[in-house]
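To be precise, the following lines are coords-v9.cif, and they hold mmCIF, C-alpha atoms.
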```cif
data_query
loop_
_atom_site.label_atom_id
_atom_site.label_comp_id
_atom_site.auth_asym_id
_atom_site.auth_seq_id
_atom_site.Cartn_x
_atom_site.Cartn_y
_atom_site.Cartn_z
CA MET A 26 23.09 -7.04 16.73
CA ARG A 27 21.82 -6.00 13.30
CA TYR A 28 18.87 -8.05 12.09
CA ILE A 29 17.95 -8.47 8.45
CA ASP A 30 14.28 -7.53 8.67
CA LEU A 31 12.20 -8.86 5.78
CA ARG A 32 8.79 -8.76 7.46
CA SER A 33 7.59 -5.68 5.56
CA ASP A 34 8.72 -2.48 3.86
CA THR A 35 7.14 -0.63 6.80
CA VAL A 36 10.13 -1.46 9.03
CA THR A 37 12.51 0.96 7.33
CA GLN A 38 14.37 3.43 9.51
CA PRO A 39 14.19 7.16 8.67
CA THR A 40 17.16 8.36 6.64
CA GLN A 41 19.60 10.87 8.09
CA ALA A 42 18.15 13.51 5.78
CA MET A 43 14.72 12.84 7.31
CA ARG A 44 16.09 13.05 10.84
CA ASP A 45 17.78 16.37 10.02
CA ALA A 46 14.62 17.74 8.41
CA MET A 47 12.53 16.73 11.41
CA ALA A 48 14.99 18.33 13.82
CA THR A 49 14.81 21.69 12.06
CA ALA A 50 11.17 21.74 10.90
CA VAL A 51 9.13 24.89 11.45
CA VAL A 52 5.86 23.73 12.99
CA GLY A 53 2.48 25.02 14.12
CA ASP A 54 -0.75 23.29 15.12
CA ASP A 55 -2.50 21.13 12.54
CA VAL A 56 -5.93 21.45 14.16
CA PHE A 57 -5.62 25.25 14.01
CA ASP A 58 -4.42 24.80 10.41
CA ASP A 59 -1.24 26.82 10.91
CA ASP A 60 1.57 24.29 10.53
CA PRO A 61 3.64 25.60 7.58
CA THR A 62 5.59 22.39 6.99
CA LEU A 63 2.38 20.36 6.88
CA HIS A 64 0.91 22.87 4.41
CA GLU A 65 4.02 22.46 2.26
CA LEU A 66 3.72 18.66 2.27
CA GLU A 67 0.02 18.67 1.41
CA ALA A 68 0.50 21.18 -1.43
CA TYR A 69 3.47 19.29 -2.85
CA ALA A 70 1.72 15.93 -2.55
CA ALA A 71 -1.40 17.23 -4.33
CA GLU A 72 0.73 18.50 -7.23
CA ARG A 73 2.81 15.31 -7.37
CA LEU A 74 -0.33 13.16 -7.45
CA GLY A 75 -2.15 15.37 -9.95
CA LYS A 76 -5.02 16.36 -7.67
CA GLU A 77 -6.50 19.63 -6.40
CA ALA A 78 -5.90 19.04 -2.71
CA ALA A 79 -4.38 16.62 -0.23
CA VAL A 80 -4.58 15.81 3.46
CA PHE A 81 -1.92 14.15 5.60
CA VAL A 82 -3.22 11.17 7.58
CA THR A 83 -1.58 8.97 10.18
CA SER A 84 -1.72 5.75 8.17
CA GLY A 85 -2.85 4.16 4.94
CA MET A 86 -5.75 2.54 6.75
CA GLN A 87 -6.90 5.92 8.06
CA GLY A 88 -6.55 7.38 4.55
CA ASN A 89 -8.73 4.64 3.06
CA ALA A 90 -11.28 5.04 5.86
CA CYS A 91 -11.45 8.80 5.27
CA ALA A 92 -11.88 8.21 1.53
CA LEU A 93 -14.80 5.82 2.08
CA LEU A 94 -16.43 8.20 4.55
CA ALA A 95 -16.08 11.08 2.09
CA HIS A 96 -17.32 9.16 -0.96
CA THR A 97 -20.18 7.07 0.43
CA ARG A 98 -23.34 7.10 2.52
CA ARG A 99 -24.34 4.45 5.00
CA GLY A 100 -25.95 1.57 3.15
CA ASP A 101 -24.02 2.12 -0.08
CA CYS A 102 -22.01 -0.61 -1.77
CA VAL A 103 -18.32 -0.47 -2.73
CA ILE A 104 -16.98 -2.52 -5.66
CA ILE A 105 -13.56 -3.93 -4.80
CA ASP A 106 -11.18 -6.85 -5.31
CA PRO A 107 -11.99 -9.57 -2.74
CA HIS A 108 -8.38 -9.82 -1.56
CA SER A 109 -7.71 -6.10 -1.36
CA HIS A 110 -6.23 -4.56 1.76
CA ILE A 111 -9.50 -2.78 2.59
CA ALA A 112 -11.45 -6.04 2.37
CA ASP A 113 -8.96 -8.33 4.13
CA HIS A 114 -6.63 -6.35 6.40
CA GLU A 115 -8.39 -3.27 7.75
CA ALA A 116 -10.38 -4.92 10.52
CA GLY A 117 -13.71 -4.53 8.76
CA SER A 118 -13.51 -0.76 9.17
CA TYR A 119 -15.52 -0.24 5.98
CA ALA A 120 -18.54 -1.73 7.78
CA GLN A 121 -17.86 -0.33 11.25
CA LEU A 122 -17.09 3.24 10.18
CA SER A 123 -18.77 3.84 6.82
CA GLY A 124 -21.62 1.35 7.09
CA VAL A 125 -21.06 0.12 3.55
CA SER A 126 -21.13 -3.36 2.07
CA LEU A 127 -18.65 -4.75 -0.44
CA ARG A 128 -19.36 -6.39 -3.77
CA PHE A 129 -16.65 -8.48 -5.44
CA PRO A 130 -16.25 -8.65 -9.22
CA GLN A 131 -14.19 -11.34 -10.92
CA SER A 132 -10.57 -10.53 -10.19
CA VAL A 133 -7.09 -12.05 -10.42
CA ASN A 134 -4.33 -10.65 -8.20
CA GLY A 135 -6.06 -7.27 -8.00
CA THR A 136 -6.86 -6.96 -11.70
CA MET A 137 -10.65 -6.75 -11.83
CA ASN A 138 -12.53 -7.88 -14.92
CA PRO A 139 -14.10 -4.76 -16.48
CA ASP A 140 -17.27 -6.54 -17.60
CA SER A 141 -17.70 -8.00 -14.14
CA VAL A 142 -17.24 -4.54 -12.59
CA ARG A 143 -19.90 -3.20 -14.96
CA ALA A 144 -22.28 -5.94 -13.84
CA CYS A 145 -21.71 -4.98 -10.19
CA LEU A 146 -22.64 -1.32 -10.69
CA THR A 147 -26.18 -1.28 -9.36
CA ASP A 148 -28.02 2.03 -8.94
CA ASP A 149 -30.74 3.01 -6.47
CA SER A 150 -33.68 2.10 -8.70
CA ASP A 151 -34.26 -1.18 -6.84
CA VAL A 152 -34.96 -0.70 -3.15
CA GLN A 153 -33.85 -4.28 -2.52
CA VAL A 154 -30.27 -3.69 -3.73
CA ALA A 155 -27.58 -1.48 -2.19
CA PRO A 156 -26.49 1.13 -4.76
CA ALA A 157 -22.84 1.03 -5.80
CA THR A 158 -21.29 4.47 -5.32
CA LEU A 159 -17.56 3.74 -5.32
CA VAL A 160 -15.07 1.46 -7.05
CA VAL A 161 -11.73 0.82 -5.33
CA VAL A 162 -8.62 -0.18 -7.26
CA GLU A 163 -5.50 -1.25 -5.37
CA ASN A 164 -2.18 -0.69 -7.16
CA ALA A 165 0.29 -2.09 -6.40
CA HIS A 166 -1.82 -4.89 -4.97
CA SER A 167 -0.91 -6.37 -1.60
CA SER A 168 -0.49 -9.73 -3.36
CA GLY A 169 2.70 -8.35 -4.92
CA ALA A 170 1.11 -7.91 -8.35
CA VAL A 171 0.66 -4.70 -10.36
CA VAL A 172 -2.49 -3.65 -12.22
CA SER A 173 -1.91 -2.46 -15.80
CA LEU A 174 -2.66 1.07 -16.95
CA ASP A 175 -5.08 -0.33 -19.52
CA ASN A 176 -7.10 -2.07 -16.82
CA MET A 177 -7.09 1.05 -14.62
CA ARG A 178 -8.36 3.11 -17.57
CA ASP A 179 -11.10 0.60 -18.41
CA ILE A 180 -12.35 0.45 -14.81
CA TYR A 181 -12.30 4.24 -14.50
CA GLN A 182 -14.26 4.75 -17.72
CA ILE A 183 -16.87 2.15 -16.80
CA ALA A 184 -17.33 3.66 -13.33
CA HIS A 185 -17.68 7.21 -14.65
CA GLU A 186 -20.10 6.14 -17.37
CA ASN A 187 -22.30 4.97 -14.51
CA GLY A 188 -21.78 8.04 -12.31
CA VAL A 189 -19.58 6.20 -9.84
CA ALA A 190 -16.31 7.50 -8.39
CA VAL A 191 -13.01 5.59 -8.23
CA HIS A 192 -10.63 5.51 -5.26
CA LEU A 193 -7.09 4.26 -5.73
CA ASP A 194 -5.55 2.49 -2.75
CA GLY A 195 -2.01 3.36 -3.74
CA ALA A 196 -0.27 2.36 -0.54
CA ARG A 197 2.61 1.29 -2.79
CA LEU A 198 1.79 3.66 -5.64
CA PHE A 199 5.40 4.44 -6.49
CA ASN A 200 6.21 0.73 -6.60
CA ALA A 201 3.41 0.30 -9.13
CA ALA A 202 4.75 3.17 -11.21
CA ALA A 203 8.28 1.75 -11.17
CA ALA A 204 7.04 -1.71 -12.15
CA LEU A 205 5.05 -0.24 -15.04
CA GLY A 206 8.00 1.86 -16.21
CA VAL A 207 6.11 5.09 -15.48
CA SER A 208 8.20 8.06 -14.37
CA ASP A 209 5.23 10.29 -13.47
CA VAL A 210 2.64 8.74 -11.14
CA ARG A 211 0.02 11.05 -12.59
CA GLU A 212 -0.18 8.57 -15.44
CA LEU A 213 -1.77 6.23 -12.88
CA THR A 214 -3.70 8.76 -10.82
CA GLN A 215 -5.48 10.18 -13.87
CA TYR A 216 -7.62 7.05 -13.61
CA CYS A 217 -8.99 7.76 -10.13
CA ASP A 218 -10.89 10.49 -8.31
CA THR A 219 -9.04 10.08 -5.04
CA VAL A 220 -5.75 8.38 -4.23
CA MET A 221 -4.08 7.31 -1.01
CA CYS A 222 -0.34 6.69 -0.94
CA CYS A 223 1.83 5.68 2.02
CA LEU A 224 4.99 7.54 2.93
CA SER A 225 6.13 4.81 5.32
CA LYS A 226 6.02 1.83 2.95
CA GLY A 227 9.32 1.72 1.10
CA LEU A 228 9.81 5.51 1.22
CA CYS A 229 11.26 5.41 4.77
CA ALA A 230 9.12 8.06 6.46
CA PRO A 231 8.44 7.09 10.07
CA VAL A 232 4.68 7.80 10.00
CA GLY A 233 1.97 8.88 7.62
CA SER A 234 0.13 8.71 4.33
CA ILE A 235 -1.45 11.15 1.89
CA LEU A 236 -5.04 11.24 0.63
CA ALA A 237 -5.50 13.45 -2.44
CA GLY A 238 -8.43 14.40 -4.65
CA PRO A 239 -10.89 17.23 -5.43
CA LYS A 240 -10.96 20.09 -2.91
CA ALA A 241 -14.54 19.56 -1.80
CA LEU A 242 -14.05 15.84 -1.27
CA ILE A 243 -10.76 16.31 0.58
CA TRP A 244 -12.56 18.76 2.87
CA ARG A 245 -15.02 15.99 3.72
CA ALA A 246 -12.09 13.62 4.21
CA ARG A 247 -10.44 16.13 6.54
CA ARG A 248 -13.60 16.22 8.62
CA ALA A 249 -13.64 12.41 8.64
CA ARG A 250 -10.03 12.39 9.80
CA ARG A 251 -11.03 14.63 12.70
CA ILE A 252 -13.88 12.27 13.63
CA LEU A 253 -11.40 9.38 13.64
CA GLY A 254 -9.10 11.22 16.05
CA GLY A 255 -6.60 12.08 13.34
CA GLY A 256 -6.27 15.80 14.12
CA MET A 257 -2.65 16.38 15.05
CA ARG A 258 -0.74 19.15 16.75
CA GLN A 259 2.85 19.83 15.64
CA ALA A 260 2.50 17.46 12.69
CA GLY A 261 5.14 19.37 10.75
CA PHE A 262 7.82 17.19 12.34
CA LEU A 263 6.28 14.20 10.56
CA ALA A 264 5.53 16.21 7.42
CA ALA A 265 9.19 17.16 7.14
CA ALA A 266 10.11 13.49 6.82
CA GLY A 267 7.24 13.01 4.39
CA LEU A 268 8.61 15.73 2.12
CA VAL A 269 11.97 13.96 1.98
CA ALA A 270 10.16 10.71 1.22
CA LEU A 271 8.28 12.17 -1.75
CA ARG A 272 11.14 14.25 -3.09
CA ASP A 273 14.11 11.95 -2.62
CA MET A 274 13.01 8.35 -2.06
CA THR A 275 10.52 7.50 -4.80
CA GLY A 276 13.14 7.12 -7.50
CA ARG A 277 15.00 4.31 -5.74
CA VAL A 278 12.19 1.77 -5.20
CA LYS A 279 13.15 -0.06 -8.40
CA GLU A 280 16.29 -1.17 -6.57
CA ASP A 281 14.04 -2.98 -4.07
CA HIS A 282 12.24 -4.68 -6.97
CA GLU A 283 15.55 -5.87 -8.39
CA ASN A 284 16.64 -7.22 -5.01
CA ALA A 285 13.30 -9.01 -4.61
CA ALA A 286 13.67 -10.60 -8.04
CA HIS A 287 17.20 -11.73 -7.11
CA LEU A 288 16.04 -13.11 -3.77
CA GLY A 289 13.15 -14.88 -5.49
CA ALA A 290 15.47 -16.58 -7.97
CA LEU A 291 17.75 -17.78 -5.14
CA LEU A 292 14.83 -19.11 -3.09
CA ASP A 293 13.32 -20.85 -6.11
CA ALA A 294 16.50 -22.88 -6.48
CA ILE A 295 16.02 -24.43 -3.01
CA ASP A 296 14.42 -27.87 -2.91
CA GLY A 297 10.90 -27.67 -1.54
CA VAL A 298 10.56 -23.88 -2.02
CA HIS A 299 8.32 -22.56 -4.80
CA ILE A 300 8.20 -18.88 -5.78
CA LEU A 301 4.89 -17.38 -6.95
CA ARG A 302 6.35 -15.70 -10.02
CA ASP A 303 3.09 -14.16 -11.23
CA ARG A 304 3.19 -11.92 -8.17
CA LEU A 305 6.84 -10.87 -8.26
CA ASP A 306 6.19 -7.41 -9.69
CA ILE A 307 7.39 -5.18 -6.87
CA ASP A 308 9.45 -5.52 -3.68
CA MET A 309 7.65 -8.62 -2.37
CA VAL A 310 8.54 -12.29 -2.69
CA PHE A 311 5.75 -14.80 -2.04
CA PHE A 312 6.45 -18.52 -1.90
CA THR A 313 5.06 -21.85 -0.81
CA THR A 314 6.97 -24.82 0.56
CA ASP A 315 6.75 -28.58 0.91
CA TRP A 316 7.44 -28.31 4.65
CA ASP A 317 5.16 -30.11 7.07
CA THR A 318 3.26 -28.25 9.78
CA ASP A 319 5.94 -28.75 12.44
CA LYS A 320 8.74 -27.51 10.21
CA ALA A 321 6.70 -24.51 9.10
CA ALA A 322 6.00 -23.61 12.73
CA ARG A 323 9.73 -23.66 13.57
CA TYR A 324 10.75 -21.48 10.61
CA PRO A 325 10.34 -17.92 12.03
CA ALA A 326 12.14 -18.66 15.31
CA TRP A 327 14.95 -20.53 13.53
CA MET A 328 15.52 -17.62 11.16
CA LEU A 329 15.44 -15.14 14.05
CA GLU A 330 18.12 -17.13 15.89
CA HIS A 331 20.27 -16.67 12.80
CA GLY A 332 19.71 -12.93 12.57
CA ILE A 333 16.78 -12.66 10.15
CA LYS A 334 13.26 -11.45 10.95
CA VAL A 335 10.53 -13.06 8.84
CA THR A 336 6.81 -13.68 9.09
CA GLY A 337 5.45 -17.20 9.32
CA CYS A 338 3.10 -19.04 7.00
CA MET A 339 -0.08 -17.08 6.26
CA GLY A 340 -2.82 -18.70 4.23
CA GLY A 341 -0.41 -21.34 2.99
CA GLU A 342 2.12 -18.73 1.77
CA TYR A 343 5.27 -17.07 3.04
CA ARG A 344 6.31 -13.50 2.28
CA MET A 345 9.56 -11.56 2.29
CA VAL A 346 9.78 -7.85 1.48
CA CYS A 347 12.84 -5.93 0.30
CA HIS A 348 13.28 -2.25 1.14
CA HIS A 349 15.78 0.56 1.66
CA ASP A 350 17.52 -1.23 4.54
CA ILE A 351 17.97 -4.53 2.67
CA SER A 352 21.05 -4.98 0.47
CA ARG A 353 21.83 -7.51 -2.23
CA ALA A 354 24.18 -9.22 0.24
CA ASP A 355 21.32 -9.44 2.76
CA CYS A 356 19.22 -11.21 0.13
CA GLU A 357 21.98 -13.73 -0.53
CA GLN A 358 22.54 -14.38 3.17
CA THR A 359 18.80 -14.89 3.63
CA ALA A 360 18.56 -17.39 0.79
CA GLN A 361 21.53 -19.34 2.17
CA LEU A 362 19.86 -19.61 5.56
CA VAL A 363 16.50 -20.65 4.10
CA GLY A 364 18.39 -23.32 2.18
CA ALA A 365 20.06 -24.49 5.37
CA PHE A 366 16.75 -24.60 7.21
CA ALA A 367 15.06 -26.46 4.34
CA ALA A 368 17.83 -29.09 4.37
CA GLU A 369 17.42 -29.78 8.09
CA GLY A 370 15.69 -33.01 9.06
#
```
Spell out the structure here as structure tokens.
Amino acid sequence: MRYIDLRSDTVTQPTQAMRDAMATAVVGDDVFDDDPTLHELEAYAAERLGKEAAVFVTSGMQGNACALLAHTRRGDCVIIDPHSHIADHEAGSYAQLSGVSLRFPQSVNGTMNPDSVRACLTDDSDVQVAPATLVVVENAHSSGAVVSLDNMRDIYQIAHENGVAVHLDGARLFNAAAALGVSDVRELTQYCDTVMCCLSKGLCAPVGSILAGPKALIWRARRARRILGGGMRQAGFLAAAGLVALRDMTGRVKEDHENAAHLGALLDAIDGVHILRDRLDIDMVFFTTDWDTDKAARYPAWMLEHGIKVTGCMGGEYRMVCHHDISRADCEQTAQLVGAFAAEG
């Protein structure tokens, strides 16, 4: 049975081109630094992202952890949106691994107020206050919203004026670019020192992310990856799929955005369902409902019985995510079933 899986854009299956590339990849040993396909991916990714060097990591979370370890010292402070992925969904790894604290400026859906960021940028002149040594911007934000280029530029300039680096959590970087109408992601990455982008979110690669930045900093990140157990052996099999993802799949993510907008409009027409339109920038649809606790609890299992995989209520909200394996017809079928469930007593 084929399920319509709307839980995340991480559930995509590798394309046939990826499977073929993996089957024929020339590989070596990553730890010995002699895997030619991995070298090709890292060089291509660095050029595509406008940075000197890049390292392939197993996940976006590992990429962010390596970035923090490379940028900061234990006891430093990181300026970041309070609802960012690093702050909310990475198991507190910033504290466990890097030993840093977080400071939250005023922020709405990932767009941080520049003046508030400036106010957060403490130095090491006061022994009572942790010095801020890194600002993290997340774009696209995990709330489904996109941060404007103007805001990215303002944050970057303020940070650099104060001698502080900027890391871009670009797990869905190409979604952000598509939403902003930017054909070259280097228009975004010019406003950061390091950038992490996922190859398995919307781009269909089975595993992996890229961390890119200056050569010296990426060398430190590579060492951090090793400490975290991220040294791989014949990683070229995964890199082969990653090359297909970056070369062939980035241009189609706008289709996912269009499907999400269509799905959102259909859901919004259902009594008791309310779309959060200010966060409908990319491939995600967030909504609230008037359902009581019992009905909300029954929703995921009821949808699964009818062939659709969804997540339940999280923090008072529901989420659906469109991706390569979700068609316009799938969106319409989903909306019909949500309508049927909503109408049940």
Taking (20.8, -12.0, 6.0) in the file's coordinates, which residues come within 10 Å, counting all atoms listed in the file, written as a ChimeraX atom specification?
/A:27-31,328,331-334,351-363
Have a look at atom CA of A:Ile183 and atom CA of A:Arg143 and let me know their distance in Å, one decimal.
6.4 Å
Given the file shown, enumerate the residues that the PyMOL selection byres ((chain A and resi 335-347) around 7) captures and present them as a PyMOL selection string.
chain A and resi 30-34+281+284-285+308-313+321+324-325+333-334+348+351
Quick one: residues within 7 Å of stretch 148-160 of chain A, all atoms listed in the file, excluding same-chain residues fewer than 5 positions away - as a list in words?
His96, Thr97, Gly100, Asp101, Cys102, Val103, Ile104, Ile105, Val189, Ala190, Val191 and His192 of chain A
Translate the PyMOL selection byres ((chain A and resi 263-278) around 6), as applied to the file shown, into an explicit residue set as a PyMOL selection string.
chain A and resi 43+46-47+63+66+228+230+260-262+279-281
Two-atom distance - atom CA of A:Thr214, atom CA of A:Gln131 (Å)
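Atom CA of A:Gln131 lies at a distance of 22.7 Å from atom CA of A:Thr214.
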Which residues, named as in the file, does the PyMOL selection byres ((chain A and resi 137-140) around 12) pick out? Answer as a PyMOL selection string.
chain A and resi 104-109+128-136+141-146+160-164+166+171-173+175-184
Contacts of stretch 80-86 of chain A at 7 Å (all atoms listed in the file; same-chain gap of 4+ positions) as a list in words:
Glu67, Ala90, Glu115, Ala196, Met221, Cys222, Cys223, Val232, Gly233, Ser234, Ile235, Leu236, Ala237, Ile243, Arg247 and Gly255 of chain A
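The coordinates place atom CA of A:Leu305 at 6.8 Å from atom CA of A:Ala286.
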Could you check which of A:Lys226, A:Arg251, A:Arg245, A:His299 is closest to A:Pro39, using only C-alpha atoms?
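Among the listed residues, A:Lys226 lies closest to A:Pro39.
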Top pick for closest residue to A:Asn200, considering A:Glu186, A:Glu283, A:Glu77, A:Asp45 and counting all atoms listed in the file:
A:Glu283
Measuring atom to atom with all atoms listed in the file, identify which of A:Leu253, A:Ala112, A:Asp306, A:Pro239 is nearest to A:Leu205.
A:Asp306
